>>> print(open('query.txt').read())   # compact mmCIF, C-alpha atoms
# COMPACT_ATOMS: atom_id res chain seq x y z
CA MET A 267 -15.11 -35.53 51.38
CA THR A 268 -12.34 -37.21 49.39
CA SER A 269 -12.55 -37.88 45.69
CA ASN A 270 -11.48 -41.00 43.86
CA LEU A 271 -11.12 -39.15 40.56
CA ASN A 272 -7.90 -39.80 38.70
CA LEU A 273 -6.45 -36.39 37.92
CA ASP A 274 -3.22 -37.69 36.39
CA TRP A 275 -4.60 -37.38 32.84
CA LEU A 276 -4.51 -34.17 30.83
CA ILE A 277 -6.25 -32.86 27.72
CA SER A 278 -3.82 -31.05 25.43
CA VAL A 279 -4.98 -28.33 23.03
CA ASP A 280 -1.45 -27.54 21.86
CA ASP A 281 -0.18 -30.54 19.95
CA HIS A 282 1.06 -30.76 16.37
CA VAL A 283 0.94 -33.28 13.57
CA LEU A 284 3.60 -33.79 10.92
CA GLU A 285 1.34 -34.55 7.99
CA PRO A 286 2.06 -38.00 6.53
CA PRO A 287 3.13 -37.90 2.87
CA ASN A 288 -0.16 -39.35 1.58
CA VAL A 289 -2.54 -36.70 2.98
CA TRP A 290 -3.14 -35.01 -0.36
CA THR A 291 -1.97 -37.57 -2.91
CA ASP A 292 -4.63 -39.98 -1.60
CA ARG A 293 -7.42 -37.40 -1.75
CA VAL A 294 -7.06 -35.17 -4.81
CA PRO A 295 -7.74 -36.31 -8.41
CA ALA A 296 -4.81 -38.18 -9.94
CA LYS A 297 -4.22 -35.37 -12.45
CA ASP A 298 -3.67 -32.90 -9.58
CA ARG A 299 -1.30 -34.91 -7.41
CA ASP A 300 1.77 -33.01 -8.61
CA ARG A 301 -0.02 -29.71 -7.89
CA ALA A 302 -1.09 -30.68 -4.37
CA PRO A 303 1.36 -30.72 -1.45
CA HIS A 304 3.59 -33.75 -1.93
CA ILE A 305 6.99 -35.03 -0.86
CA GLY A 306 10.11 -34.47 -2.97
CA TYR A 307 13.78 -35.30 -2.39
CA ASP A 308 17.01 -33.39 -2.88
CA ASP A 309 20.30 -34.84 -4.16
CA ASN A 310 21.23 -35.95 -0.65
CA GLY A 311 17.99 -37.84 -0.10
CA MET A 312 16.53 -35.23 2.25
CA ASP A 313 12.76 -35.04 1.90
CA PHE A 314 10.72 -31.84 1.78
CA TRP A 315 7.20 -30.74 0.93
CA VAL A 316 6.55 -29.25 -2.50
CA TYR A 317 3.60 -26.96 -3.22
CA ASP A 318 2.90 -24.05 -5.54
CA GLY A 319 6.49 -24.01 -6.80
CA LYS A 320 8.05 -23.82 -3.33
CA LYS A 321 9.88 -26.30 -1.12
CA TYR A 322 9.19 -26.71 2.60
CA PRO A 323 11.61 -28.87 4.61
CA SER A 324 10.44 -30.28 7.94
CA SER A 325 12.07 -28.58 10.93
CA GLY A 326 13.71 -30.77 13.53
CA LEU A 327 12.01 -28.64 16.18
CA SER A 328 8.70 -30.11 15.03
CA ALA A 329 9.83 -33.64 15.87
CA VAL A 330 11.73 -33.59 19.17
CA VAL A 331 9.84 -36.39 20.91
CA GLY A 332 12.23 -38.91 22.43
CA LYS A 333 15.19 -36.53 22.26
CA SER A 334 17.06 -34.68 24.98
CA LYS A 335 16.99 -30.88 24.98
CA GLU A 336 20.62 -30.90 23.87
CA GLU A 337 19.55 -32.70 20.70
CA PHE A 338 16.84 -30.20 19.74
CA SER A 339 17.64 -28.54 16.42
CA PRO A 340 15.81 -26.45 13.81
CA GLU A 341 17.76 -28.18 11.04
CA PRO A 342 15.71 -30.11 8.43
CA LEU A 343 14.79 -33.61 9.53
CA PRO A 344 13.66 -36.42 7.20
CA TYR A 345 10.59 -38.46 8.06
CA SER A 346 12.79 -41.54 8.34
CA GLU A 347 14.45 -40.04 11.43
CA MET A 348 11.24 -38.91 13.15
CA ALA A 349 9.52 -40.88 15.89
CA PRO A 350 6.47 -42.57 14.30
CA GLY A 351 4.15 -40.73 16.68
CA CYS A 352 4.92 -37.51 14.83
CA TYR A 353 2.92 -38.65 11.79
CA ASP A 354 1.18 -41.91 12.73
CA PRO A 355 -2.01 -41.50 14.83
CA LEU A 356 -1.90 -44.98 16.38
CA ALA A 357 1.76 -44.61 17.35
CA ARG A 358 0.85 -41.20 18.81
CA ILE A 359 -1.79 -42.83 21.03
CA LYS A 360 0.92 -45.00 22.62
CA ASP A 361 2.98 -41.88 23.30
CA MET A 362 -0.08 -40.14 24.76
CA ASP A 363 -0.77 -43.08 27.04
CA ARG A 364 2.77 -42.94 28.40
CA ALA A 365 2.52 -39.17 28.91
CA GLY A 366 -0.90 -39.24 30.57
CA ILE A 367 -2.66 -37.33 27.77
CA LEU A 368 -6.29 -38.34 27.49
CA ALA A 369 -7.16 -36.29 24.41
CA SER A 370 -5.18 -34.20 21.94
CA LEU A 371 -5.89 -31.33 19.55
CA CYS A 372 -3.30 -31.24 16.77
CA PHE A 373 -2.45 -28.13 14.77
CA PRO A 374 -1.13 -28.60 11.22
CA THR A 375 2.49 -28.09 10.26
CA VAL A 376 3.14 -27.75 6.52
CA THR A 377 -0.02 -25.67 6.01
CA ARG A 378 1.04 -23.46 8.95
CA PHE A 379 -1.11 -22.98 12.01
CA CYS A 380 -4.26 -21.61 10.38
CA GLY A 381 -3.84 -22.69 6.77
CA GLN A 382 -1.84 -19.69 5.53
CA LEU A 383 -0.27 -21.95 2.89
CA PHE A 384 -3.52 -22.17 0.95
CA MET A 385 -4.46 -18.53 1.43
CA GLU A 386 -1.12 -17.45 -0.07
CA ALA A 387 -1.37 -19.89 -2.98
CA SER A 388 -1.41 -18.61 -6.55
CA ASP A 389 -4.59 -20.63 -7.19
CA ARG A 390 -7.02 -20.28 -4.30
CA ASP A 391 -9.66 -22.42 -5.97
CA PHE A 392 -7.27 -25.36 -5.94
CA GLY A 393 -6.09 -24.24 -2.51
CA LEU A 394 -9.65 -24.80 -1.32
CA VAL A 395 -9.59 -28.31 -2.79
CA CYS A 396 -6.40 -29.03 -0.83
CA LEU A 397 -7.80 -27.45 2.32
CA LYS A 398 -10.90 -29.66 2.16
CA ALA A 399 -8.71 -32.71 1.57
CA TYR A 400 -6.75 -31.85 4.72
CA ASN A 401 -9.95 -31.50 6.73
CA ASP A 402 -11.29 -34.83 5.49
CA TRP A 403 -8.01 -36.51 6.40
CA MET A 404 -7.94 -34.90 9.85
CA ILE A 405 -11.50 -35.97 10.67
CA GLU A 406 -11.66 -39.36 8.97
CA GLU A 407 -8.13 -40.72 9.32
CA TRP A 408 -6.24 -38.92 12.09
CA CYS A 409 -9.17 -38.52 14.50
CA GLY A 410 -11.08 -41.53 13.16
CA SER A 411 -8.20 -43.86 14.01
CA ALA A 412 -8.87 -43.47 17.73
CA PRO A 413 -12.36 -42.05 18.38
CA GLY A 414 -12.49 -39.85 21.45
CA ARG A 415 -8.73 -39.42 21.74
CA TYR A 416 -8.28 -36.67 19.14
CA ILE A 417 -10.15 -33.36 18.90
CA PRO A 418 -11.04 -32.64 15.24
CA LEU A 419 -9.44 -29.29 14.31
CA ILE A 420 -10.16 -28.08 10.78
CA LEU A 421 -8.90 -25.29 8.55
CA ILE A 422 -11.09 -22.64 6.93
CA PRO A 423 -10.53 -20.57 3.76
CA LEU A 424 -9.59 -17.32 5.51
CA TRP A 425 -9.85 -15.43 2.23
CA ASP A 426 -13.63 -15.91 1.92
CA PRO A 427 -15.80 -15.93 5.09
CA ARG A 428 -18.84 -17.32 3.29
CA LEU A 429 -16.85 -20.22 1.89
CA ALA A 430 -15.48 -20.65 5.41
CA VAL A 431 -18.99 -20.98 6.82
CA LYS A 432 -19.85 -23.64 4.23
CA GLU A 433 -16.73 -25.60 5.15
CA MET A 434 -17.46 -25.24 8.87
CA GLU A 435 -20.98 -26.58 8.33
CA ARG A 436 -19.71 -29.45 6.16
CA CYS A 437 -17.11 -30.48 8.71
CA ALA A 438 -19.37 -30.01 11.73
CA ASN A 439 -21.67 -32.58 10.15
CA LYS A 440 -18.68 -34.93 10.05
CA GLY A 441 -17.83 -34.37 13.71
CA ALA A 442 -15.45 -31.39 13.74
CA THR A 443 -15.68 -29.31 16.92
CA THR A 444 -13.14 -26.53 16.35
CA PHE A 445 -11.35 -24.61 13.61
CA ALA A 446 -7.98 -22.88 13.36
CA PHE A 447 -8.01 -19.10 13.28
CA SER A 448 -5.31 -16.41 13.37
CA GLU A 449 -4.34 -14.72 16.63
CA ASN A 450 -4.18 -11.53 14.54
CA PRO A 451 -5.36 -11.63 10.90
CA GLU A 452 -4.05 -8.14 10.11
CA PRO A 453 -0.43 -9.17 9.35
CA LEU A 454 -1.87 -11.77 6.95
CA GLY A 455 -3.44 -8.96 4.92
CA LEU A 456 -6.92 -9.66 6.28
CA PRO A 457 -9.37 -7.49 8.24
CA THR A 458 -9.22 -7.65 12.02
CA ILE A 459 -12.04 -9.00 14.17
CA HIS A 460 -13.03 -5.34 14.73
CA ASP A 461 -13.62 -4.67 11.04
CA LYS A 462 -16.37 -2.07 10.68
CA ASP A 463 -17.81 -3.93 7.68
CA GLY A 464 -18.11 -7.15 9.68
CA TYR A 465 -15.76 -9.28 7.57
CA TRP A 466 -15.58 -12.03 10.22
CA GLU A 467 -19.17 -11.85 11.45
CA PRO A 468 -20.39 -14.80 9.32
CA VAL A 469 -17.57 -16.97 10.70
CA MET A 470 -18.19 -16.00 14.32
CA ALA A 471 -21.94 -16.43 13.90
CA ALA A 472 -21.37 -19.91 12.48
CA ALA A 473 -18.97 -20.75 15.32
CA ASN A 474 -21.67 -19.65 17.77
CA ASP A 475 -24.43 -21.65 16.08
CA LEU A 476 -22.33 -24.77 15.44
CA GLU A 477 -20.62 -24.52 18.85
CA MET A 478 -17.21 -24.73 17.19
CA VAL A 479 -14.35 -23.37 19.25
CA VAL A 480 -12.08 -20.73 17.67
CA SER A 481 -8.59 -22.19 18.21
CA MET A 482 -5.61 -19.86 17.86
CA HIS A 483 -1.98 -20.95 18.14
CA VAL A 484 0.76 -18.48 18.92
CA GLY A 485 2.47 -17.61 15.63
CA SER A 486 -0.73 -17.91 13.58
CA SER A 487 -0.30 -14.25 12.64
CA SER A 488 2.89 -15.21 10.76
CA GLN A 489 4.84 -12.63 12.70
CA LEU A 490 7.08 -12.43 15.74
CA PRO A 491 6.97 -9.24 17.86
CA GLN A 492 10.32 -7.49 18.13
CA ILE A 493 11.57 -5.98 21.37
CA CYS A 494 13.82 -3.79 19.26
CA LYS A 495 15.15 -4.00 15.70
CA ASP A 496 18.30 -5.94 16.65
CA ALA A 497 17.04 -7.98 19.59
CA PRO A 498 18.24 -11.62 19.45
CA PHE A 499 15.75 -14.06 17.93
CA MET A 500 15.52 -16.05 21.17
CA ALA A 501 14.72 -12.89 23.14
CA ASN A 502 11.86 -12.09 20.76
CA LEU A 503 10.66 -15.70 20.83
CA THR A 504 10.57 -15.65 24.63
CA TRP A 505 8.60 -12.40 24.51
CA GLY A 506 6.15 -13.94 22.07
CA ALA A 507 3.38 -14.63 24.61
CA THR A 508 2.53 -10.94 24.33
CA ARG A 509 0.72 -11.90 21.13
CA THR A 510 -1.62 -14.18 23.05
CA SER A 511 -2.44 -11.59 25.70
CA GLY A 512 -3.22 -9.16 22.90
CA THR A 513 -5.54 -11.70 21.28
CA MET A 514 -7.40 -12.26 24.53
CA LEU A 515 -7.88 -8.54 25.09
CA SER A 516 -8.86 -7.97 21.48
CA PHE A 517 -11.64 -10.55 21.75
CA LEU A 518 -12.61 -9.42 25.24
CA PHE A 519 -13.35 -5.86 24.09
CA SER A 520 -14.62 -6.75 20.61
CA GLY A 521 -18.26 -7.25 21.56
CA LEU A 522 -18.19 -10.70 19.96
CA PHE A 523 -18.94 -12.50 23.21
CA GLN A 524 -21.96 -10.28 23.74
CA ARG A 525 -23.27 -10.80 20.21
CA TYR A 526 -22.55 -14.54 20.22
CA PRO A 527 -23.05 -15.95 23.73
CA ASN A 528 -22.03 -19.48 22.70
CA LEU A 529 -18.72 -18.32 21.21
CA LYS A 530 -15.62 -19.83 22.80
CA ILE A 531 -11.95 -19.31 22.00
CA ALA A 532 -8.85 -21.36 22.84
CA LEU A 533 -5.36 -19.85 22.97
CA SER A 534 -2.55 -22.35 22.49
CA GLU A 535 1.11 -21.98 23.50
CA GLY A 536 0.63 -18.53 24.93
CA GLU A 537 1.41 -19.35 28.58
CA ALA A 538 -0.88 -18.30 31.43
CA GLY A 539 1.08 -16.29 33.99
CA TRP A 540 0.04 -12.99 32.42
CA ILE A 541 -3.71 -13.66 32.71
CA PRO A 542 -4.32 -12.25 36.23
CA TYR A 543 -2.49 -9.02 35.44
CA PHE A 544 -4.31 -8.32 32.18
CA LEU A 545 -7.72 -9.27 33.57
CA GLU A 546 -7.17 -6.93 36.51
CA ARG A 547 -5.98 -4.18 34.19
CA ALA A 548 -8.93 -4.76 31.86
>>> encode(input="query.txt", output="structure tokens")
Amino acid sequence: MTSNLNLDWLISVDDHVLEPPNVWTDRVPAKDRDRAPHIGYDDNGMDFWVYDGKKYPSSGLSAVVGKSKEEFSPEPLPYSEMAPGCYDPLARIKDMDRAGILASLCFPTVTRFCGQLFMEASDRDFGLVCLKAYNDWMIEEWCGSAPGRYIPLILIPLWDPRLAVKEMERCANKGATTFAFSENPEPLGLPTIHDKDGYWEPVMAAANDLEMVVSMHVGSSSQLPQICKDAPFMANLTWGATRTSGTMLSFLFSGLFQRYPNLKIALSEGEAGWIPYFLERA
């Protein structure tokens, strides 16, 4: 029996958004706009994000669409030189149509992959305000611009599981279906998913009940495994998928899937060739 299904379209759960400059300035009180993440400029006109007394330039590697591999560069890149699809959801849809991408899940950039920016902030209360503003923008503006084409991925306050549950419930009511989590919270100074005191249990229970997928991008532990102390950066980067295999095994033997039968995880940019080996070994 032949099928007439069109299998030329893909769903991507490893895309990225370069946050447009108005994400926070449009959503926090006017008195807090200079405290929230906002765009500044250096003497040469290069733009960068400013938050909590630090500057964060945009890496050219985050905006390589339309460029040849020879043009890829980690050097700072201003928004004016980025393809509009990097930060404009409607322009992104046109790019997705050309690439055969039916739906897209976009991880954040300036906040880092699971919102480490706000966890490390000197004022976590205001960090939570900014985190909620990001989530509202992601759901209402980015995903709302093209219903059905974007998968609403939110951030949670990693530093307080009960606050995280409240934010998950708030955003689930607005249509969010997944949240960003760390492939390994330990390097972030947080308990692991095996914590004997059950630090993450409220979050995993909420994910189970709300049917929100736990999405983890490689690098969301804010570390890069080292083959040896002086191995070249590119060698370590290539070896980086070991983090994802470790995450899979950590969850597999954690008991979480037994305790929460509706729990699902997604592992982004971790490759797949290692899966048969580790499953057989497990």
>>> atom_distance(input="query.txt", atom1="atom CA of A:Pro323", atom2="atom CA of A:Pro491")
24.1 Å
>>> residues_around(input="query.txt", residues="A:Val479", least_positions_apart="3", cutoff="8 Å", atoms="only C-alpha atoms", output="VMD selection string")
chain A and resid 443 to 445 473 529 to 532
>>> residues_around(input="query.txt", residues="stretch 421-438 of chain A", least_positions_apart="6", cutoff="10 Å", atoms="all atoms listed in the file", output="NGL selection string")
:A and (373-374 or 377 or 379-382 or 384-386 or 390-391 or 393-394 or 397-398 or 400-402 or 404-405 or 444-448 or 451 or 454-457 or 465-473 or 475-478)
>>> atom_distance(input="query.txt", atom1="atom CA of A:Phe544", atom2="atom CA of A:Ser511")
7.5 Å
>>> closest_residue(input="query.txt", among="A:Asn474, A:Ala507, A:Leu327, A:Pro413", to="A:Tyr526", atoms="all atoms listed in the file")
A:Asn474
>>> closest_residue(input="query.txt", among="A:Val283, A:Glu341, A:Asp274, A:Ser388", to="A:Lys320", atoms="only C-alpha atoms")
A:Ser388
>>> atom_distance(input="query.txt", atom1="atom CA of A:Ile367", atom2="atom CA of A:Pro350")
17.1 Å
>>> residues_around(input="query.txt", residues="stretch 352-366 of chain A", least_positions_apart="6", cutoff="8 Å", atoms="only C-alpha atoms", output="PyMOL selection string")
chain A and resi 274-276+282-286+329+331+408-409+411-412+415
>>> residues_around(input="query.txt", residues="A:Asp281", least_positions_apart="6", cutoff="10 Å", atoms="all atoms listed in the file", output="list in words")
Ser370, Leu371, Cys372, Phe373, Pro374, His483, Ser534 and Glu535 of chain A
>>> write_last_selection(input="query.txt", atoms="C-alpha atoms", output="short mmCIF file (atom, residue, chain, number, x, y, z; two decimals), in the frame of the given file")
data_model
loop_
_atom_site.label_atom_id
_atom_site.label_comp_id
_atom_site.auth_asym_id
_atom_site.auth_seq_id
_atom_site.Cartn_x
_atom_site.Cartn_y
_atom_site.Cartn_z
CA SER A 370 -5.18 -34.20 21.94
CA LEU A 371 -5.89 -31.33 19.55
CA CYS A 372 -3.30 -31.24 16.77
CA PHE A 373 -2.45 -28.13 14.77
CA PRO A 374 -1.13 -28.60 11.22
CA HIS A 483 -1.98 -20.95 18.14
CA SER A 534 -2.55 -22.35 22.49
CA GLU A 535 1.11 -21.98 23.50
#
>>> residues_around(input="query.txt", residues="A:Ser516", least_positions_apart="2", cutoff="10 Å", atoms="only C-alpha atoms", output="NGL selection string")
:A and (449-450 or 458-460 or 510-514 or 518-522)
>>> write_last_selection(input="query.txt", atoms="C-alpha atoms", output="PDB file, keeping the file's coordinate frame")
ATOM      1  CA  GLU A 449      -4.340 -14.720  16.630  1.00  0.00           C
ATOM      2  CA  ASN A 450      -4.180 -11.530  14.540  1.00  0.00           C
ATOM      3  CA  THR A 458      -9.220  -7.650  12.020  1.00  0.00           C
ATOM      4  CA  ILE A 459     -12.040  -9.000  14.170  1.00  0.00           C
ATOM      5  CA  HIS A 460     -13.030  -5.340  14.730  1.00  0.00           C
ATOM      6  CA  THR A 510      -1.620 -14.180  23.050  1.00  0.00           C
ATOM      7  CA  SER A 511      -2.440 -11.590  25.700  1.00  0.00           C
ATOM      8  CA  GLY A 512      -3.220  -9.160  22.900  1.00  0.00           C
ATOM      9  CA  THR A 513      -5.540 -11.700  21.280  1.00  0.00           C
ATOM     10  CA  MET A 514      -7.400 -12.260  24.530  1.00  0.00           C
ATOM     11  CA  LEU A 518     -12.610  -9.420  25.240  1.00  0.00           C
ATOM     12  CA  PHE A 519     -13.350  -5.860  24.090  1.00  0.00           C
ATOM     13  CA  SER A 520     -14.620  -6.750  20.610  1.00  0.00           C
ATOM     14  CA  GLY A 521     -18.260  -7.250  21.560  1.00  0.00           C
ATOM     15  CA  LEU A 522     -18.190 -10.700  19.960  1.00  0.00           C
TER      16      LEU A 522
END
>>> closest_residue(input="query.txt", among="A:Val289, A:Val330, A:Val279, A:Met482", to="A:His304", atoms="only C-alpha atoms")
A:Val289
>>> closest_residue(input="query.txt", among="A:Tyr345, A:Ser278, A:Cys494, A:Arg299", to="A:Gly311", atoms="all atoms listed in the file")
A:Tyr345
>>> decode(input="query.txt", residues="stretch 458-488 of chain A", atoms="N, CA and C atoms", output="compact mmCIF listing (two decimals), in the first residue's frame")
# COMPACT_ATOMS: atom_id res chain seq x y z
N THR A 458 21.12 18.06 41.53
CA THR A 458 20.88 17.24 40.35
C THR A 458 19.46 16.68 40.41
N ILE A 459 19.04 16.02 39.33
CA ILE A 459 17.71 15.41 39.33
C ILE A 459 17.63 14.20 40.27
N HIS A 460 18.78 13.79 40.83
CA HIS A 460 18.81 12.67 41.77
C HIS A 460 18.84 13.13 43.22
N ASP A 461 18.65 14.42 43.44
CA ASP A 461 18.76 14.99 44.78
C ASP A 461 17.90 14.21 45.78
N LYS A 462 18.54 13.79 46.88
CA LYS A 462 17.83 12.96 47.87
C LYS A 462 16.70 13.72 48.55
N ASP A 463 16.76 15.05 48.55
CA ASP A 463 15.70 15.85 49.17
C ASP A 463 14.60 16.23 48.17
N GLY A 464 14.74 15.75 46.93
CA GLY A 464 13.67 15.95 45.95
C GLY A 464 13.51 17.38 45.46
N TYR A 465 14.65 18.09 45.30
CA TYR A 465 14.58 19.50 44.89
C TYR A 465 13.73 19.69 43.64
N TRP A 466 13.89 18.82 42.64
CA TRP A 466 13.21 19.00 41.36
C TRP A 466 11.87 18.28 41.28
N GLU A 467 11.48 17.57 42.31
CA GLU A 467 10.23 16.81 42.25
C GLU A 467 9.01 17.68 41.93
N PRO A 468 8.86 18.86 42.55
CA PRO A 468 7.68 19.68 42.19
C PRO A 468 7.65 20.04 40.71
N VAL A 469 8.82 20.32 40.13
CA VAL A 469 8.88 20.69 38.71
C VAL A 469 8.52 19.50 37.83
N MET A 470 9.06 18.33 38.14
CA MET A 470 8.78 17.15 37.33
C MET A 470 7.33 16.71 37.49
N ALA A 471 6.79 16.85 38.70
CA ALA A 471 5.38 16.51 38.92
C ALA A 471 4.48 17.44 38.11
N ALA A 472 4.83 18.73 38.09
CA ALA A 472 4.05 19.69 37.31
C ALA A 472 4.17 19.40 35.82
N ALA A 473 5.37 19.05 35.36
CA ALA A 473 5.56 18.70 33.95
C ALA A 473 4.69 17.50 33.59
N ASN A 474 4.63 16.54 34.48
CA ASN A 474 3.79 15.35 34.27
C ASN A 474 2.32 15.74 34.20
N ASP A 475 1.86 16.54 35.16
CA ASP A 475 0.44 16.87 35.23
C ASP A 475 0.01 17.82 34.11
N LEU A 476 0.89 18.75 33.75
CA LEU A 476 0.57 19.73 32.71
C LEU A 476 0.91 19.24 31.31
N GLU A 477 1.58 18.07 31.25
CA GLU A 477 2.06 17.50 29.99
C GLU A 477 2.96 18.49 29.25
N MET A 478 3.89 19.08 30.01
CA MET A 478 4.88 19.99 29.44
C MET A 478 6.20 19.24 29.29
N VAL A 479 6.73 19.27 28.09
CA VAL A 479 7.97 18.56 27.80
C VAL A 479 9.16 19.28 28.43
N VAL A 480 10.10 18.52 28.99
CA VAL A 480 11.34 19.07 29.54
C VAL A 480 12.34 19.17 28.39
N SER A 481 12.61 20.36 27.91
CA SER A 481 13.50 20.56 26.76
C SER A 481 14.88 20.98 27.23
N MET A 482 15.90 20.24 26.78
CA MET A 482 17.27 20.50 27.21
C MET A 482 18.18 20.64 26.00
N HIS A 483 18.82 21.77 25.88
CA HIS A 483 19.75 22.04 24.77
C HIS A 483 21.17 21.76 25.24
N VAL A 484 21.96 21.18 24.36
CA VAL A 484 23.37 20.96 24.71
C VAL A 484 24.01 22.30 25.06
N GLY A 485 24.76 22.35 26.15
CA GLY A 485 25.36 23.58 26.62
C GLY A 485 24.56 24.26 27.71
N SER A 486 23.38 23.72 28.04
CA SER A 486 22.55 24.33 29.08
C SER A 486 23.07 24.03 30.49
N SER A 487 24.21 23.36 30.58
CA SER A 487 24.89 23.19 31.87
C SER A 487 25.97 24.25 32.05
N SER A 488 26.10 25.14 31.04
CA SER A 488 27.13 26.19 31.06
C SER A 488 28.54 25.64 31.21
